[in-house]
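Below is the file entry38.cif, which contains mmCIF, C-alpha atoms.
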```
data_structure
#
loop_
_atom_site.label_atom_id
_atom_site.label_comp_id
_atom_site.auth_asym_id
_atom_site.auth_seq_id
_atom_site.Cartn_x
_atom_site.Cartn_y
_atom_site.Cartn_z
CA MET A 117 0.00 0.00 0.00
CA ALA A 118 1.36 3.40 -0.96
CA ALA A 119 2.16 5.80 1.87
CA ASN A 120 -0.43 8.36 0.78
CA GLU A 121 -3.13 5.67 0.50
CA ALA A 122 -2.31 4.38 3.97
CA GLY A 123 -2.48 7.93 5.32
CA SER A 124 -5.83 8.50 3.63
CA GLN A 125 -7.33 5.35 5.13
CA SER A 126 -5.93 6.25 8.54
CA THR A 127 -7.63 9.62 8.25
CA LEU A 128 -10.93 8.01 7.26
CA MET A 129 -10.76 5.68 10.25
CA SER A 130 -9.90 8.48 12.67
CA MET A 131 -12.74 10.60 11.30
CA ALA A 132 -15.15 7.67 11.62
CA ARG A 133 -14.12 7.19 15.23
CA ALA A 134 -14.51 10.89 15.97
CA GLU A 135 -17.98 10.88 14.41
CA ARG A 136 -19.05 7.94 16.55
CA ALA A 137 -17.65 9.59 19.67
CA ASP A 138 -19.62 12.75 18.91
CA LEU A 139 -22.77 10.72 18.35
CA ALA A 140 -22.29 8.74 21.56
CA ALA A 141 -21.87 11.95 23.57
CA PHE A 142 -25.08 13.33 22.06
CA LEU A 143 -27.08 10.14 22.59
CA ALA A 144 -26.11 10.17 26.26
CA THR A 145 -28.13 13.38 26.67
CA LEU A 146 -31.38 12.00 25.24
CA SER A 147 -34.49 11.19 27.23
CA PRO A 148 -36.34 7.87 26.83
CA GLN A 149 -38.98 9.70 24.79
CA GLN A 150 -36.38 11.11 22.41
CA TRP A 151 -35.00 7.64 21.76
CA GLN A 152 -38.48 6.69 20.50
CA THR A 153 -38.82 9.73 18.20
CA PRO A 154 -39.22 8.90 14.49
CA SER A 155 -35.98 9.63 12.65
CA LEU A 156 -35.57 10.77 9.05
CA CYS A 157 -35.23 7.10 8.09
CA ALA A 158 -38.73 5.95 7.19
CA GLY A 159 -40.14 3.54 9.75
CA TRP A 160 -37.18 3.83 12.11
CA SER A 161 -37.02 5.58 15.46
CA VAL A 162 -33.85 7.13 16.85
CA LYS A 163 -33.29 3.86 18.71
CA ASP A 164 -33.67 1.88 15.48
CA VAL A 165 -31.12 4.04 13.67
CA VAL A 166 -28.57 3.51 16.44
CA ALA A 167 -29.25 -0.23 16.34
CA HIS A 168 -28.70 -0.24 12.58
CA MET A 169 -25.42 1.64 12.85
CA ILE A 170 -23.89 -0.90 15.22
CA SER A 171 -25.58 -4.06 13.98
CA TYR A 172 -22.75 -5.03 11.62
CA GLU A 173 -19.87 -4.52 14.05
CA GLU A 174 -19.39 -8.10 15.25
CA LEU A 175 -20.48 -10.02 12.16
CA GLY A 176 -17.89 -12.18 10.44
CA THR A 177 -18.19 -13.36 6.86
CA MET A 178 -20.63 -16.13 7.71
CA GLY A 179 -22.71 -13.80 9.83
CA LEU A 180 -22.96 -11.33 6.97
CA LEU A 181 -23.96 -14.04 4.52
CA LYS A 182 -26.65 -15.31 6.89
CA ARG A 183 -28.03 -11.82 7.41
CA PHE A 184 -28.11 -11.07 3.70
CA ALA A 185 -29.76 -14.42 3.05
CA LYS A 186 -32.35 -13.83 5.77
CA GLY A 187 -33.04 -10.31 4.60
CA ARG A 188 -32.78 -11.17 0.91
CA LEU A 189 -30.35 -8.30 0.49
CA VAL A 190 -32.88 -5.44 0.48
CA ARG A 191 -34.06 -6.13 4.05
CA ALA A 192 -30.68 -6.97 5.56
CA ASN A 193 -30.59 -3.65 7.44
CA GLN A 194 -33.99 -4.30 8.98
CA VAL A 195 -32.86 -7.77 10.06
CA GLY A 196 -30.02 -6.13 11.97
CA VAL A 197 -32.35 -3.64 13.63
CA ASP A 198 -34.67 -6.46 14.66
CA GLU A 199 -31.79 -8.44 16.16
CA PHE A 200 -30.91 -5.49 18.41
CA ALA A 201 -34.50 -4.56 19.25
CA ALA A 202 -34.38 -6.16 22.69
CA LEU A 203 -31.57 -3.88 23.87
CA CYS A 204 -32.56 -0.78 25.80
CA PRO A 205 -31.10 2.63 24.93
CA GLN A 206 -28.45 2.38 27.65
CA GLU A 207 -27.33 -1.01 26.35
CA LEU A 208 -27.14 0.32 22.81
CA LEU A 209 -25.13 3.28 24.04
CA GLU A 210 -22.73 0.98 25.89
CA PHE A 211 -22.32 -1.16 22.79
CA LEU A 212 -21.57 1.92 20.72
CA GLY A 213 -19.06 3.12 23.30
CA ASN A 214 -17.27 -0.21 23.07
CA HIS A 215 -17.16 0.03 19.27
CA LEU A 216 -16.06 3.60 18.61
CA GLU A 217 -13.32 2.12 16.42
CA PRO A 218 -15.20 0.63 13.43
CA GLN A 219 -14.99 -3.13 13.07
CA GLY A 220 -16.25 -5.70 10.61
CA LEU A 221 -18.22 -4.44 7.64
CA THR A 222 -18.25 -0.81 8.79
CA ALA A 223 -14.44 -0.73 8.80
CA GLY A 224 -14.49 -1.42 5.06
CA PHE A 225 -12.48 0.80 2.72
CA GLY A 226 -10.39 2.12 5.57
CA GLY A 227 -13.37 3.26 7.64
CA MET A 228 -15.21 4.91 4.74
CA ILE A 229 -18.44 2.97 5.34
CA ALA A 230 -18.55 3.91 9.02
CA LEU A 231 -17.72 7.55 8.31
CA VAL A 232 -20.33 8.06 5.60
CA ASP A 233 -23.12 6.11 7.28
CA GLY A 234 -22.27 7.51 10.68
CA THR A 235 -22.36 11.12 9.53
CA ILE A 236 -25.63 10.77 7.60
CA HIS A 237 -27.39 8.80 10.31
CA HIS A 238 -26.18 11.20 13.00
CA GLN A 239 -27.99 13.90 11.06
CA ASP A 240 -31.05 11.67 10.61
CA ILE A 241 -31.27 11.69 14.39
CA ARG A 242 -30.30 15.32 15.00
CA ARG A 243 -32.71 16.72 12.44
CA ALA A 244 -35.60 14.61 13.71
CA LEU A 245 -35.01 15.92 17.23
CA GLY A 246 -34.56 19.52 16.14
CA GLN A 247 -31.05 19.63 17.55
CA PRO A 248 -28.71 20.74 14.75
CA ARG A 249 -24.93 20.78 14.99
CA ILE A 250 -22.00 22.10 13.03
CA ILE A 251 -20.19 19.12 11.50
CA PRO A 252 -16.41 19.67 11.57
CA ALA A 253 -15.50 21.09 8.15
CA ASP A 254 -12.78 18.57 7.37
CA ARG A 255 -15.09 15.68 8.18
CA LEU A 256 -18.02 17.12 6.24
CA GLY A 257 -15.85 17.91 3.22
CA ARG A 258 -14.51 14.36 3.17
CA VAL A 259 -17.98 12.83 3.32
CA LEU A 260 -19.30 15.16 0.61
CA GLY A 261 -16.52 13.93 -1.65
CA LEU A 262 -17.37 10.29 -1.00
CA VAL A 263 -21.16 10.31 -1.39
CA PRO A 264 -21.81 11.22 -5.06
CA ASN A 265 -20.21 8.06 -6.44
CA ASN A 266 -21.16 5.72 -3.59
CA PRO A 267 -23.21 2.95 -5.26
CA ARG A 268 -25.01 1.98 -2.06
CA LEU A 269 -26.51 5.42 -1.55
CA GLY A 270 -27.67 6.02 -5.12
CA ALA A 271 -26.86 9.73 -4.93
CA TRP A 272 -25.71 9.82 -8.55
CA ARG A 273 -29.28 9.16 -9.72
CA ARG A 274 -30.58 12.12 -7.76
CA ILE A 275 -27.90 14.64 -8.72
CA ARG A 276 -27.05 13.70 -12.31
CA GLY A 277 -26.99 16.74 -14.60
CA LEU A 278 -26.86 19.13 -11.65
CA ARG A 279 -24.14 21.28 -10.09
CA LEU A 280 -24.03 21.27 -6.30
CA ARG A 281 -22.16 24.07 -4.52
CA ALA A 282 -21.74 24.40 -0.77
CA THR A 283 -22.04 27.88 0.67
CA ASP A 284 -20.14 27.22 3.88
CA LEU A 285 -17.09 25.31 2.63
CA ASP A 286 -15.11 24.86 -0.57
CA TRP A 287 -17.00 22.04 -2.27
CA VAL A 288 -18.53 21.84 -5.75
CA HIS A 289 -19.72 18.78 -7.66
CA GLY A 290 -21.15 18.22 -11.11
CA ARG A 291 -22.24 20.36 -14.03
CA GLY A 292 -25.63 21.77 -14.94
CA PRO A 293 -28.28 23.88 -13.20
CA GLU A 294 -26.87 24.88 -9.83
CA ILE A 295 -28.09 24.00 -6.36
CA THR A 296 -26.63 25.86 -3.41
CA GLY A 297 -26.89 25.32 0.31
CA THR A 298 -24.86 24.35 3.34
CA GLY A 299 -22.69 21.30 2.93
CA GLU A 300 -24.84 19.44 5.45
CA ALA A 301 -28.08 20.22 3.60
CA LEU A 302 -26.56 19.16 0.28
CA LEU A 303 -25.29 15.95 1.89
CA MET A 304 -28.69 15.05 3.25
CA ALA A 305 -30.56 15.93 0.06
CA MET A 306 -28.35 13.91 -2.24
CA SER A 307 -28.56 11.04 0.28
CA GLY A 308 -32.32 10.99 -0.26
CA ARG A 309 -33.61 13.10 2.65
CA PRO A 310 -36.40 15.42 1.40
CA ALA A 311 -36.35 17.34 4.69
CA ALA A 312 -33.27 19.22 3.46
CA ILE A 313 -34.86 20.50 0.24
CA PRO A 314 -36.34 23.72 1.76
CA GLU A 315 -32.84 24.74 2.83
CA LEU A 316 -31.51 24.70 -0.74
CA ALA A 317 -31.67 27.28 -3.52
CA GLY A 318 -30.84 27.61 -7.20
CA ALA A 319 -32.08 26.69 -10.65
CA GLY A 320 -31.55 22.97 -10.08
CA LYS A 321 -33.53 22.78 -6.84
CA ALA A 322 -36.84 21.91 -8.51
CA THR A 323 -35.24 19.01 -10.36
CA LEU A 324 -33.72 17.54 -7.22
CA ALA A 325 -36.97 18.07 -5.30
CA ALA A 326 -38.90 16.22 -8.01
CA ARG A 327 -36.47 13.33 -7.88
CA LEU A 328 -37.03 13.13 -4.14
CA GLY A 329 -40.79 13.24 -4.64
CA GLN A 330 -41.19 16.69 -3.15
CA SER A 331 -42.53 20.03 -4.31
CA HIS A 332 -40.02 22.84 -3.90
#
```

Go ahead and render the structure in this file as structure tokens.
Amino acid sequence: MAANEAGSQSTLMSMARAERADLAAFLATLSPQQWQTPSLCAGWSVKDVVAHMISYEELGTMGLLKRFAKGRLVRANQVGVDEFAALCPQELLEFLGNHLEPQGLTAGFGGMIALVDGTIHHQDIRRALGQPRIIPADRLGRVLGLVPNNPRLGAWRRIRGLRLRATDLDWVHGRGPEITGTGEALLMAMSGRPAAIPELAGAGKATLAARLGQSH
């Protein structure tokens, strides 16, 4: 592995760990009612999102294959949530605290999976609870660069033919009618969260809103 590639992966892993630590600190402040609040992920509460985020940590290859087989690929995430459903919020928080360093599937690509999923899902929780935060600029910029071509998220289908430009950091992607907004709002919109659409502006906004099934 080249030195610069190793450094890049080390940075991804350290960012993923920092994101999880920030999330754990925030979750520790929540009331039992807040844990049951619906998140931005359809059908999932805050508790469900946390369960999903940690549900792949201790699965080996056989465990992954069994989960994918049971969930028939498209429902594998729900299978994981269901397996952790019996844990109370404190137990989930303790599990997260013991897995701040990504393991298993989430450690894939040098921590990229944990960093991207962790940042988006942290916002799924924060936005649902009306408790925004300022994502560290270096972390946000890194995630913004990773999402457009991530095949699992399908962002490319939503943003094709559009130019996205962040107003709070140096990040631009694509060509076409422009959409502007904070890096966080652009991240959430291209990740399929319609709740971020009202925070965006520009000639391309209507197109993105339509692709997310929303009026603008």

Give as a PDB file with C-alpha atoms, keeping the file's coordinate frame each residue that has an atom at most 10 Å from (-19.2, 2.8, 9.0) in the file, counting only C-alpha atoms.
```pdb
ATOM      1  CA  LEU A 128     -10.930   8.010   7.260  1.00  0.00           C
ATOM      2  CA  MET A 129     -10.760   5.680  10.250  1.00  0.00           C
ATOM      3  CA  ALA A 132     -15.150   7.670  11.620  1.00  0.00           C
ATOM      4  CA  ARG A 133     -14.120   7.190  15.230  1.00  0.00           C
ATOM      5  CA  GLU A 135     -17.980  10.880  14.410  1.00  0.00           C
ATOM      6  CA  ARG A 136     -19.050   7.940  16.550  1.00  0.00           C
ATOM      7  CA  MET A 169     -25.420   1.640  12.850  1.00  0.00           C
ATOM      8  CA  ILE A 170     -23.890  -0.900  15.220  1.00  0.00           C
ATOM      9  CA  TYR A 172     -22.750  -5.030  11.620  1.00  0.00           C
ATOM     10  CA  GLU A 173     -19.870  -4.520  14.050  1.00  0.00           C
ATOM     11  CA  GLU A 217     -13.320   2.120  16.420  1.00  0.00           C
ATOM     12  CA  PRO A 218     -15.200   0.630  13.430  1.00  0.00           C
ATOM     13  CA  GLN A 219     -14.990  -3.130  13.070  1.00  0.00           C
ATOM     14  CA  GLY A 220     -16.250  -5.700  10.610  1.00  0.00           C
ATOM     15  CA  LEU A 221     -18.220  -4.440   7.640  1.00  0.00           C
ATOM     16  CA  THR A 222     -18.250  -0.810   8.790  1.00  0.00           C
ATOM     17  CA  ALA A 223     -14.440  -0.730   8.800  1.00  0.00           C
ATOM     18  CA  GLY A 224     -14.490  -1.420   5.060  1.00  0.00           C
ATOM     19  CA  PHE A 225     -12.480   0.800   2.720  1.00  0.00           C
ATOM     20  CA  GLY A 226     -10.390   2.120   5.570  1.00  0.00           C
ATOM     21  CA  GLY A 227     -13.370   3.260   7.640  1.00  0.00           C
ATOM     22  CA  MET A 228     -15.210   4.910   4.740  1.00  0.00           C
ATOM     23  CA  ILE A 229     -18.440   2.970   5.340  1.00  0.00           C
ATOM     24  CA  ALA A 230     -18.550   3.910   9.020  1.00  0.00           C
ATOM     25  CA  LEU A 231     -17.720   7.550   8.310  1.00  0.00           C
ATOM     26  CA  VAL A 232     -20.330   8.060   5.600  1.00  0.00           C
ATOM     27  CA  ASP A 233     -23.120   6.110   7.280  1.00  0.00           C
ATOM     28  CA  GLY A 234     -22.270   7.510  10.680  1.00  0.00           C
ATOM     29  CA  THR A 235     -22.360  11.120   9.530  1.00  0.00           C
TER      30      THR A 235
END
```

Query raised in the report: Exactly which residues make up the result of the PyMOL selection byres ((chain A and resi 168) around 12) on this file, given as an NGL selection string?
Result: :A and (157 or 160-167 or 169-173 or 191-201 or 208 or 212 or 222 or 230 or 233-234 or 237-238)

**Report entry** Selection: 10 Å around A:Gly292, only C-alpha atoms, excl. self and same-chain fewer than 3 positions, as JSON, numbers by chain
**Finding:** {"A": [275, 276, 277, 278, 279, 280, 289, 295, 319, 320]}

Requested in this report: Check which residues satisfy the PyMOL selection byres ((chain A and resi 260) around 12) in the file shown, then give them as a VMD selection string.
Outcome: chain A and resid 228 231 to 233 235 to 236 251 253 to 259 261 to 266 271 280 to 282 285 to 289 298 to 307

Query raised in the report: Which residues, written as a list in words, have at least one atom at most 7 Å from stretch 323-330 of chain A, with only C-alpha atoms counted and residues fewer than 6 positions away on the same chain left out?
Result: Arg274, Ile275, Gly308, Pro310 and Ile313 of chain A
